[in-house]
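Visitor: Take this structure first; my questions come after.
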Amino acid sequence: MNDAELLHFEDFRAGQIFRLGRHTLTAEEIIEFASEFDPQPQHTDPEAAKHSMLGGLAASGWHLGALAMRMMVDGLLIRATSMGAPGVDELQWRKPVLVGDRIRMDGEVLGTRLSSKPDRGFVRFRFTMTRDEDHRNGELVMMYVSSVMFRRRTAG
């Protein structure tokens, strides 16, 4: 994809929604991620997880964060002039994501602002991950707000 085909700062406007994909979580991927990065029983031991407050083997919140990043890259950033992000302003895990849950990721543009550097601007997003039940919007399981830098088509 050449630069002219990529999304630039000027292509974003408040209220835009980007559908970033769907994913069904498996026991194997939940256990594999948690074994390396968050080895707590509710994420690594199906039997212990049944007796936890989560009610079953659940993805680590950090697993959901990594999955959200993958979905954001595949669904948006790979076709944009992203220059990275200065951080995450807000992150909430609302509901557990269990084995077999199908999740959906969306990004909503909250606003845009020019940078003090003339070659870029910031796009503020709210990214939401919902349980996708019967192809309808399900309940919110994770949400985060972050600004992402994008190149401008022409420097100020």
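Identifiers in this document derive from the order of the structure tokens: chains are assigned A, B, ..., residues are numbered from 1 separately in each chain, and ligands are numbered from 1 in order of occurrence.
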Go through segment 74-116 of chain A residue by residue and, counting only C-alpha atoms, keep those with an atom at most 10 Å from segment 30-49 of chain A; for each kept residue give the shortest atom pair and its distance in Å to one decimal, ordered by chain and increasing number, as a Markdown table.

Guide:
```
| residue | atom | partner | partner_atom | distance |
| --- | --- | --- | --- | --- |
| A:Val97 | CA | A:Ile30 | CA | 9.8 |
| A:Leu98 | CA | A:Ile30 | CA | 8.8 |
| A:Val99 | CA | A:Ile30 | CA | 7.7 |
```

Visitor: Leaving out Thr154 of chain A and any residue of its chain fewer than 5 positions from it, which residues lie within 10 Å of it when counting only C-alpha atoms, given as a list in words?

Guide: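 Within the cut-off, the hits are His8, Phe9, Glu10, Pro118, Asp119 and Arg120 of chain A.
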
Visitor: Using only C-alpha atoms, which of the listed residues (A:Arg79, A:Thr24, A:Gly15, A:Ser52) sits closest to Met1 of chain A?

Guide: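 When distances to Met1 of chain A are compared using only C-alpha atoms, the smallest one comes from A:Arg79.
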
Visitor: For Leu76 of chain A, find every residue with an atom within 10 Å (counting only C-alpha atoms), except residues of its own chain fewer than 6 positions away, and show them as a list in words.

Guide: Leu6, Leu7, Phe18, Arg19, Leu20, Gly21, Arg70, Ser82 and Gly107 of chain A

Visitor: What does the file look like for those residues with C-alpha atoms, as a compact mmCIF listing (two decimals), in the first residue's frame?

Guide:
```txt
# COMPACT_ATOMS: atom_id res chain seq x y z
CA LEU A 6 -3.04 5.09 3.80
CA LEU A 7 -5.26 6.88 6.31
CA PHE A 18 -13.85 1.45 13.03
CA ARG A 19 -14.82 -2.23 13.20
CA LEU A 20 -11.59 -3.96 14.15
CA GLY A 21 -12.57 -7.61 14.02
CA ARG A 70 -3.37 -7.10 17.53
CA SER A 82 0.33 5.61 12.67
CA GLY A 107 -12.68 1.94 17.87
```

Visitor: Identify, with DSSP run on backbone atoms, the residues in segment 3-138 of chain A assigned to strand (DSSP E), and express the list as a ChimeraX atom specification.

Guide: /A:17-24,88-93,102-114,120-133,136-138

Visitor: Using only C-alpha atoms, pick whichever of A:Leu77, A:Val141, A:Val148, A:Val123 has the shortest atom-to-atom distance to Gly61 of chain A.

Guide: A:Val141

Visitor: May I have the residues within 12 Å of Lys117 of chain A as a list in words, using only C-alpha atoms and disregarding those fewer than 3 positions away in the same chain?

Guide: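 Listed by chain and then number, they are Arg113, Leu114, Arg120, Gly121, Phe122, Met149, Phe150, Arg151, Arg152, Thr154, Ala155 and Gly156 of chain A.
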
Visitor: Got time to write the residues from that selection, C-alpha atoms, as a JSON list (two decimals), in the first residue's frame?

Guide:
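Resulting contents of part_1.json:
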```json
[["chain", "number", "residue", "atom", "x", "y", "z"],
["A", 113, "ARG", "CA", -5.96, 17.76, 17.54],
["A", 114, "LEU", "CA", -2.89, 19.00, 15.75],
["A", 120, "ARG", "CA", 1.48, 15.01, 12.71],
["A", 121, "GLY", "CA", -1.72, 15.12, 14.69],
["A", 122, "PHE", "CA", -3.36, 13.16, 17.50],
["A", 149, "MET", "CA", -0.32, 9.96, 16.41],
["A", 150, "PHE", "CA", -0.81, 9.96, 12.64],
["A", 151, "ARG", "CA", 1.18, 11.68, 9.92],
["A", 152, "ARG", "CA", -0.46, 14.58, 8.15],
["A", 154, "THR", "CA", 0.95, 17.97, 4.29],
["A", 155, "ALA", "CA", 2.90, 19.59, 7.08],
["A", 156, "GLY", "CA", 0.96, 22.57, 8.53]]
```

Visitor: Can you work out the spacing between atom CA of Ser146 of chain A and atom CA of Ala59 of chain A in Å, to one decimal?

Guide: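 Result for atom CA of Ser146 of chain A versus atom CA of Ala59 of chain A: 22.0 Å, one decimal.
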
Visitor: Which residue, A:Val145, A:Leu25, A:Met129, A:Leu110, has the smallest gap to Lys95 of chain A when you use only C-alpha atoms?

Guide: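 Closest to Lys95 of chain A, using only C-alpha atoms: A:Met129.
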
Visitor: What is the distance, in Å and to one decimal place, between atom CA of Glu139 of chain A and atom CA of Arg126 of chain A?

Guide: 15.7 Å

Visitor: What does the distance from atom CA of Ser115 of chain A to atom CA of Glu90 of chain A come to in Å, to one decimal?

Guide: 20.8 Å

Visitor: Counting only C-alpha atoms, figure out which residue out of A:Gly111, A:Pro86, A:Pro96, A:Gly138 gets nearest to Gly55 of chain A.

Guide: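 The answer is A:Pro96, which sits nearest to Gly55 of chain A.
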